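Structure file protein_34.pdb with PDB, C-alpha atoms:
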```pdb
ATOM      1  CA  MET A  87     -55.994 -24.203 -45.620
ATOM      2  CA  PHE A  88     -59.049 -21.995 -46.034
ATOM      3  CA  LEU A  89     -59.142 -19.320 -48.717
ATOM      4  CA  ASN A  90     -61.122 -16.108 -48.308
ATOM      5  CA  PRO A  91     -63.867 -15.033 -48.280
ATOM      6  CA  PHE A  92     -65.678 -15.865 -45.047
ATOM      7  CA  PRO A  93     -63.976 -18.569 -45.264
ATOM      8  CA  ILE A  94     -65.909 -20.392 -47.951
ATOM      9  CA  ILE A  95     -63.198 -22.120 -49.949
ATOM     10  CA  TYR A  96     -60.750 -24.675 -48.589
ATOM     11  CA  ASN A  97     -57.763 -25.973 -50.482
ATOM     12  CA  PHE A  98     -54.999 -28.521 -50.206
ATOM     13  CA  LYS A  99     -52.614 -30.266 -52.576
ATOM     14  CA  TYR A 100     -52.263 -33.866 -53.701
ATOM     15  CA  ASP A 101     -49.929 -35.328 -56.310
ATOM     16  CA  PHE A 102     -52.253 -37.110 -58.752
ATOM     17  CA  LYS A 103     -49.411 -38.257 -61.040
ATOM     18  CA  PHE A 104     -51.750 -37.456 -63.907
ATOM     19  CA  ASP A 105     -49.282 -38.383 -66.657
ATOM     20  CA  GLN A 106     -49.578 -42.010 -65.609
ATOM     21  CA  PHE A 107     -53.254 -42.252 -66.584
ATOM     22  CA  LYS A 108     -53.807 -39.324 -68.963
ATOM     23  CA  ASP A 109     -54.449 -41.700 -71.883
ATOM     24  CA  LYS A 110     -57.240 -43.377 -69.911
ATOM     25  CA  VAL A 111     -58.798 -39.975 -69.203
ATOM     26  CA  ASP A 112     -58.577 -38.916 -72.848
ATOM     27  CA  ASP A 113     -60.296 -42.122 -73.962
ATOM     28  CA  TYR A 114     -62.998 -41.598 -71.331
ATOM     29  CA  LEU A 115     -63.562 -38.020 -72.493
ATOM     30  CA  GLN A 116     -63.720 -39.070 -76.138
ATOM     31  CA  LYS A 117     -66.529 -41.501 -75.292
ATOM     32  CA  SER A 118     -68.222 -38.690 -73.365
ATOM     33  CA  LYS A 119     -68.031 -36.386 -76.379
ATOM     34  CA  GLU A 120     -69.500 -39.071 -78.625
ATOM     35  CA  LYS A 121     -72.457 -39.441 -76.251
ATOM     36  CA  ILE A 122     -72.920 -35.657 -75.984
ATOM     37  CA  ASP A 123     -72.883 -35.274 -79.764
ATOM     38  CA  LYS A 124     -75.173 -38.254 -80.389
ATOM     39  CA  PHE A 125     -77.888 -37.112 -77.987
ATOM     40  CA  ASP A 126     -77.254 -33.339 -78.230
ATOM     41  CA  ILE A 127     -76.755 -33.079 -74.451
ATOM     42  CA  HIS A 128     -76.304 -29.643 -72.849
ATOM     43  CA  THR A 129     -73.476 -29.201 -70.313
ATOM     44  CA  PRO A 130     -71.877 -26.078 -68.803
ATOM     45  CA  GLU A 131     -68.829 -26.511 -71.074
ATOM     46  CA  ARG A 132     -68.328 -23.942 -73.837
ATOM     47  CA  ASP A 133     -66.244 -23.468 -76.980
ATOM     48  CA  GLY A 134     -64.903 -26.988 -77.203
ATOM     49  CA  GLY A 135     -64.791 -27.876 -73.520
ATOM     50  CA  ILE A 136     -65.755 -31.502 -72.863
ATOM     51  CA  SER A 137     -67.331 -32.971 -69.715
ATOM     52  CA  SER A 138     -67.833 -36.595 -68.714
ATOM     53  CA  ILE A 139     -70.787 -35.621 -66.530
ATOM     54  CA  VAL A 140     -72.958 -37.542 -69.004
ATOM     55  CA  MET A 141     -71.216 -40.837 -68.104
ATOM     56  CA  ASP A 142     -73.376 -41.610 -65.080
ATOM     57  CA  GLU A 143     -72.276 -45.232 -64.878
ATOM     58  CA  GLN A 144     -68.540 -44.469 -64.739
ATOM     59  CA  HIS A 145     -67.650 -42.136 -61.875
ATOM     60  CA  PRO A 146     -63.903 -41.536 -62.156
ATOM     61  CA  HIS A 147     -63.302 -40.980 -58.431
ATOM     62  CA  LEU A 148     -63.908 -44.729 -58.058
ATOM     63  CA  TRP A 149     -61.083 -45.614 -60.430
ATOM     64  CA  PRO A 150     -58.127 -47.395 -58.795
ATOM     65  CA  GLU A 151     -55.944 -44.434 -59.784
ATOM     66  CA  PHE A 152     -57.797 -42.322 -57.202
ATOM     67  CA  GLU A 153     -57.886 -44.820 -54.333
ATOM     68  CA  ASP A 154     -55.165 -43.113 -52.298
ATOM     69  CA  PHE A 155     -56.635 -39.693 -53.050
ATOM     70  CA  ARG A 156     -60.011 -40.771 -51.654
ATOM     71  CA  LYS A 157     -58.277 -41.654 -48.386
ATOM     72  CA  GLU A 158     -56.488 -38.303 -48.276
ATOM     73  CA  LEU A 159     -59.700 -36.416 -49.054
ATOM     74  CA  SER A 160     -61.485 -38.119 -46.163
ATOM     75  CA  ASN A 161     -58.954 -36.540 -43.799
ATOM     76  CA  HIS A 162     -59.939 -33.029 -44.917
ATOM     77  CA  ILE A 163     -63.737 -33.324 -45.118
ATOM     78  CA  PRO A 164     -64.347 -33.170 -41.312
ATOM     79  CA  GLU A 165     -62.338 -29.937 -41.023
ATOM     80  CA  VAL A 166     -64.424 -28.292 -43.729
ATOM     81  CA  LEU A 167     -67.744 -29.421 -42.258
ATOM     82  CA  ASN A 168     -66.663 -28.234 -38.817
ATOM     83  CA  GLU A 169     -65.525 -24.836 -40.121
ATOM     84  CA  TRP A 170     -68.829 -24.363 -41.924
ATOM     85  CA  GLN A 171     -70.712 -25.532 -38.787
ATOM     86  CA  ILE A 172     -72.535 -28.280 -40.673
ATOM     87  CA  ARG A 173     -74.638 -30.522 -38.445
ATOM     88  CA  LYS A 174     -72.653 -33.472 -37.091
ATOM     89  CA  GLY A 175     -73.602 -37.145 -37.189
ATOM     90  CA  TRP A 176     -74.802 -37.354 -40.797
ATOM     91  CA  SER A 177     -73.514 -39.905 -43.288
ATOM     92  CA  LYS A 178     -71.136 -38.539 -45.922
ATOM     93  CA  LYS A 179     -71.025 -39.770 -49.511
ATOM     94  CA  ILE A 180     -69.406 -38.750 -52.796
ATOM     95  CA  SER A 181     -72.539 -38.995 -54.940
ATOM     96  CA  ASN A 182     -70.910 -38.524 -58.340
ATOM     97  CA  SER A 183     -67.843 -37.267 -60.146
ATOM     98  CA  TRP A 184     -66.775 -36.291 -63.646
ATOM     99  CA  ILE A 185     -63.795 -34.920 -65.547
ATOM    100  CA  ASN A 186     -63.710 -31.769 -67.689
ATOM    101  CA  VAL A 187     -61.084 -30.822 -70.225
ATOM    102  CA  HIS A 188     -60.574 -27.373 -71.724
ATOM    103  CA  ASN A 189     -58.339 -27.093 -74.738
ATOM    104  CA  MET A 190     -57.586 -23.773 -76.445
ATOM    105  CA  GLY A 191     -60.608 -21.487 -76.012
ATOM    106  CA  GLY A 192     -62.640 -23.830 -73.815
ATOM    107  CA  TRP A 193     -64.252 -22.778 -70.552
ATOM    108  CA  THR A 194     -67.033 -23.654 -68.085
ATOM    109  CA  SER A 195     -70.028 -21.322 -67.782
ATOM    110  CA  ASP A 196     -71.801 -20.167 -64.596
ATOM    111  CA  HIS A 197     -73.395 -22.955 -62.571
ATOM    112  CA  VAL A 198     -74.008 -24.360 -59.085
ATOM    113  CA  HIS A 199     -74.109 -27.941 -57.770
ATOM    114  CA  HIS A 200     -77.692 -28.502 -56.621
ATOM    115  CA  GLY A 201     -78.188 -30.620 -53.502
ATOM    116  CA  THR A 202     -74.451 -30.720 -52.794
ATOM    117  CA  VAL A 203     -72.963 -29.799 -49.416
ATOM    118  CA  ILE A 204     -69.360 -29.731 -50.652
ATOM    119  CA  ALA A 205     -68.349 -29.348 -54.289
ATOM    120  CA  ILE A 206     -64.790 -30.502 -54.951
ATOM    121  CA  SER A 207     -62.565 -29.447 -57.854
ATOM    122  CA  CYS A 208     -59.390 -31.455 -58.408
ATOM    123  CA  TYR A 209     -56.889 -29.877 -60.782
ATOM    124  CA  LEU A 210     -55.263 -32.811 -62.545
ATOM    125  CA  ASN A 211     -53.358 -30.679 -65.054
ATOM    126  CA  VAL A 212     -53.120 -26.880 -65.247
ATOM    127  CA  PRO A 213     -50.757 -25.673 -67.998
ATOM    128  CA  PRO A 214     -49.598 -22.040 -68.020
ATOM    129  CA  ALA A 215     -52.255 -19.613 -69.344
ATOM    130  CA  SER A 216     -55.030 -22.174 -68.952
ATOM    131  CA  GLY A 217     -57.192 -19.872 -66.824
ATOM    132  CA  ARG A 218     -58.307 -19.289 -63.271
ATOM    133  CA  PHE A 219     -61.224 -20.515 -61.170
ATOM    134  CA  MET A 220     -63.914 -17.878 -60.593
ATOM    135  CA  ILE A 221     -66.549 -17.495 -57.880
ATOM    136  CA  LYS A 222     -69.443 -15.054 -57.848
ATOM    137  CA  ASN A 223     -69.973 -12.867 -54.809
ATOM    138  CA  PRO A 224     -72.877 -14.500 -52.912
ATOM    139  CA  MET A 225     -73.904 -10.979 -51.857
ATOM    140  CA  HIS A 226     -74.206  -9.821 -55.473
ATOM    141  CA  MET A 227     -77.922  -9.033 -55.160
ATOM    142  CA  TYR A 228     -77.068  -6.359 -52.608
ATOM    143  CA  LYS A 229     -74.546  -4.818 -54.992
ATOM    144  CA  LEU A 230     -77.457  -4.063 -57.331
ATOM    145  CA  GLY A 231     -78.545  -1.418 -54.833
ATOM    146  CA  GLU A 232     -75.169   0.299 -54.708
ATOM    147  CA  PRO A 233     -73.925   3.076 -57.032
ATOM    148  CA  VAL A 234     -71.130   0.992 -58.560
ATOM    149  CA  GLU A 235     -69.111   1.946 -61.628
ATOM    150  CA  ASP A 236     -70.731   1.147 -64.994
ATOM    151  CA  ALA A 237     -68.058  -1.453 -65.739
ATOM    152  CA  TYR A 238     -68.836  -3.403 -62.557
ATOM    153  CA  HIS A 239     -71.450  -5.627 -64.204
ATOM    154  CA  LEU A 240     -69.796  -5.901 -67.616
ATOM    155  CA  GLU A 241     -68.372  -9.185 -68.840
ATOM    156  CA  TYR A 242     -65.423  -9.666 -71.143
ATOM    157  CA  GLU A 243     -64.592 -12.259 -73.809
ATOM    158  CA  ASN A 244     -67.731 -14.243 -72.944
ATOM    159  CA  SER A 245     -65.783 -16.291 -70.415
ATOM    160  CA  GLY A 246     -64.958 -13.963 -67.586
ATOM    161  CA  ALA A 247     -66.386 -11.084 -65.632
ATOM    162  CA  GLN A 248     -65.437  -8.391 -63.210
ATOM    163  CA  GLY A 249     -67.071  -6.686 -60.270
ATOM    164  CA  ASP A 250     -69.042  -9.506 -58.681
ATOM    165  CA  TRP A 251     -66.416 -12.119 -59.550
ATOM    166  CA  THR A 252     -63.315 -13.193 -57.634
ATOM    167  CA  PHE A 253     -60.478 -14.905 -59.485
ATOM    168  CA  ILE A 254     -58.610 -17.739 -57.771
ATOM    169  CA  GLU A 255     -55.264 -18.884 -59.107
ATOM    170  CA  VAL A 256     -54.977 -22.653 -59.424
ATOM    171  CA  GLN A 257     -52.107 -25.005 -60.160
ATOM    172  CA  THR A 258     -51.697 -28.664 -61.023
ATOM    173  CA  ASN A 259     -52.541 -30.851 -57.978
ATOM    174  CA  ASP A 260     -54.672 -28.165 -56.271
ATOM    175  CA  ILE A 261     -57.937 -29.315 -54.690
ATOM    176  CA  LEU A 262     -60.664 -26.776 -53.897
ATOM    177  CA  LEU A 263     -63.644 -27.518 -51.644
ATOM    178  CA  PHE A 264     -66.552 -25.052 -51.643
ATOM    179  CA  PRO A 265     -70.323 -25.000 -51.000
ATOM    180  CA  GLY A 266     -72.425 -26.451 -53.791
ATOM    181  CA  TRP A 267     -74.622 -23.324 -53.801
ATOM    182  CA  LEU A 268     -71.698 -21.052 -54.691
ATOM    183  CA  THR A 269     -71.972 -19.863 -58.309
ATOM    184  CA  HIS A 270     -68.724 -20.509 -60.135
ATOM    185  CA  ARG A 271     -67.165 -20.734 -63.585
ATOM    186  CA  THR A 272     -63.734 -20.800 -65.213
ATOM    187  CA  GLU A 273     -61.752 -18.424 -67.339
ATOM    188  CA  ARG A 274     -61.148 -19.268 -70.968
ATOM    189  CA  CYS A 275     -58.200 -21.623 -71.489
ATOM    190  CA  ASN A 276     -55.444 -20.025 -73.560
ATOM    191  CA  SER A 277     -53.269 -23.132 -73.713
ATOM    192  CA  SER A 278     -53.248 -25.902 -76.303
ATOM    193  CA  LEU A 279     -52.042 -28.441 -73.728
ATOM    194  CA  GLY A 280     -55.408 -28.958 -72.020
ATOM    195  CA  ARG A 281     -56.647 -28.093 -68.530
ATOM    196  CA  TYR A 282     -58.044 -31.228 -66.824
ATOM    197  CA  ILE A 283     -60.270 -31.029 -63.765
ATOM    198  CA  MET A 284     -62.078 -33.762 -61.849
ATOM    199  CA  SER A 285     -65.194 -32.518 -60.050
ATOM    200  CA  MET A 286     -66.949 -34.337 -57.208
ATOM    201  CA  ASN A 287     -70.106 -33.787 -55.171
ATOM    202  CA  LEU A 288     -70.319 -34.668 -51.488
ATOM    203  CA  THR A 289     -73.782 -35.106 -50.007
ATOM    204  CA  LEU A 290     -75.039 -35.788 -46.469
ATOM    205  CA  SER A 291     -77.926 -37.937 -45.250
ATOM    206  CA  ASP A 292     -79.354 -38.540 -41.794
TER     207      ASP A 292
END
```
What does the file become when written as structure tokens?
Amino acid sequence: MFLNPFPIIYNFKYDFKFDQFKDKVDDYLQKSKEKIDKFDIHTPERDGGISSIVMDEQHPHLWPEFEDFRKELSNHIPEVLNEWQIRKGWSKKISNSWINVHNMGGWTSDHVHHGTVIAISCYLNVPPASGRFMIKNPMHMYKLGEPVEDAYHLEYENSGAQGDWTFIEVQTNDILLFPGWLTHRTERCNSSLGRYIMSMNLTLSD
């Protein structure tokens, strides 16, 4: 199913059965944090959020726990590429993946996925009050020329915004597919249970 606007965002559901391998993910993220702290690596995560994006040699989408999901995902990719009118006949590849966790107060700041045709967010665990996904209006530059209300460009709590931003509700087992160029972020997590998201990048080559 495509979500507005345009349509840019596509979503479907898949039961990851996250509880069965949560301990493995937590261990993986702990090693990621140790590497981030040791080398003072900058990531988009804020206020305690942790990302495994630094673990280049261990892409989680290749874990056996995600084997069936990879097959299911491959059934949806052609529909997205066709809807977006992406050139046919190119080779498709998941170039990398990582897992983020946001505990109480954590969030992901504004960013894009450079060189990525489809960015994929897989919501492994979304407790109540753990925040929404946010996308920035790709036409925001044109809004600068409009007489909008003063509050339009104001941010709140350092982790959200209004005006140019659209909020998308997400639940456990949601998968969102969107263009890599689309600026996005998350709301602050207000749950102590931890919001877990696996992100993936799909690239094309001729």
Which neighbours of region 108-117 of chain A fall inside 8 Å, counting all atoms listed in the file, when residues of the same chain fewer than 6 positions from it are skipped, and could you give them as an mmCIF file with C-alpha atoms, keeping the file's coordinate frame?
```
data_model
loop_
_atom_site.group_PDB
_atom_site.id
_atom_site.type_symbol
_atom_site.label_atom_id
_atom_site.label_comp_id
_atom_site.auth_asym_id
_atom_site.auth_seq_id
_atom_site.Cartn_x
_atom_site.Cartn_y
_atom_site.Cartn_z
ATOM 1 C CA ILE A 136 -65.755 -31.502 -72.863
ATOM 2 C CA SER A 137 -67.331 -32.971 -69.715
ATOM 3 C CA SER A 138 -67.833 -36.595 -68.714
ATOM 4 C CA ILE A 185 -63.795 -34.920 -65.547
ATOM 5 C CA ASN A 186 -63.710 -31.769 -67.689
ATOM 6 C CA VAL A 187 -61.084 -30.822 -70.225
#
```
Could you tell me which residues the PyMOL selection byres ((chain A and resi 193) around 10) returns for this structure, as a PyMOL selection string? chain A and resi 130-136+186-192+194-196+216-217+244-246+271-276+281
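Restricting the calculation to all atoms listed in the file, the smallest distance between His147 (chain A) and any of A:Asn182, A:Asn97, A:Ser278, A:Thr269 is found for A:Asn182.
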Selection in question (the file shown): the PyMOL selection byres ((chain A and resi 183) around 6). Which residues does it include, as a list in words? His145, Asn182, Trp184, Ser285 and Met286 of chain A
Just-selected residues, C-alpha atoms written as a compact mmCIF listing (two decimals), keeping the file's coordinate frame:
```txt
# COMPACT_ATOMS: atom_id res chain seq x y z
CA HIS A 145 -67.65 -42.14 -61.88
CA ASN A 182 -70.91 -38.52 -58.34
CA TRP A 184 -66.78 -36.29 -63.65
CA SER A 285 -65.19 -32.52 -60.05
CA MET A 286 -66.95 -34.34 -57.21
```
List the residues selected by the PyMOL selection byres ((chain A and resi 262) around 6) in the file shown, writing them as a PyMOL selection string. chain A and resi 96-97+206-207+261+263
So, with only C-alpha atoms as the atoms that count, which of A:Phe98, A:Trp176, A:Trp170, A:Phe104 lies closest to Glu158 (chain A)? A:Phe98
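Picture a line from CA of His200 (chain A) to CA of Val256 (chain A); it runs 23.6 Å.
Note that the spacing between CA of Phe253 (chain A) and CA of Asn223 (chain A) amounts to 10.8 Å.
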Skip Ile204 (chain A) itself and residues of its chain fewer than 4 positions away, then list as a PyMOL selection string all residues within 10 Å of it, counting only C-alpha atoms. chain A and resi 95+163+166-167+180+199+262-268+286-290
d(CA of His197 (chain A), CA of Pro233 (chain A)) in Å: 26.6 Å
Please return the centre and edge lengths, in Å to one decimal, of a box with edges along x, y and z that contains all listed atoms of region 252-265 of chain A, widened by 4 Å on every side, as AutoDock Vina command-line options.
```
--center_x -61.0 --center_y -22.0 --center_z -56.0 --size_x 26.6 --size_y 25.7 --size_z 18.0
```
Name all residues at most 8 Å from Val212 (chain A) (count all atoms listed in the file; drop same-chain ones fewer than 2 positions away) and give them as a VMD selection string. chain A and resid 209 to 210 214 216 256 to 258 280 to 282
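Environment of (-74.1, -9.2, -60.9): residues at most 10 Å away, judged by all atoms listed in the file, are A:Lys222, A:Asn223, A:Pro224, A:Met225, A:His226, A:Met227, A:Tyr228, A:Lys229, A:Leu230, A:Tyr238, A:His239, A:Leu240, A:Glu241, A:Ala247, A:Gln248, A:Gly249, A:Asp250, A:Trp251.
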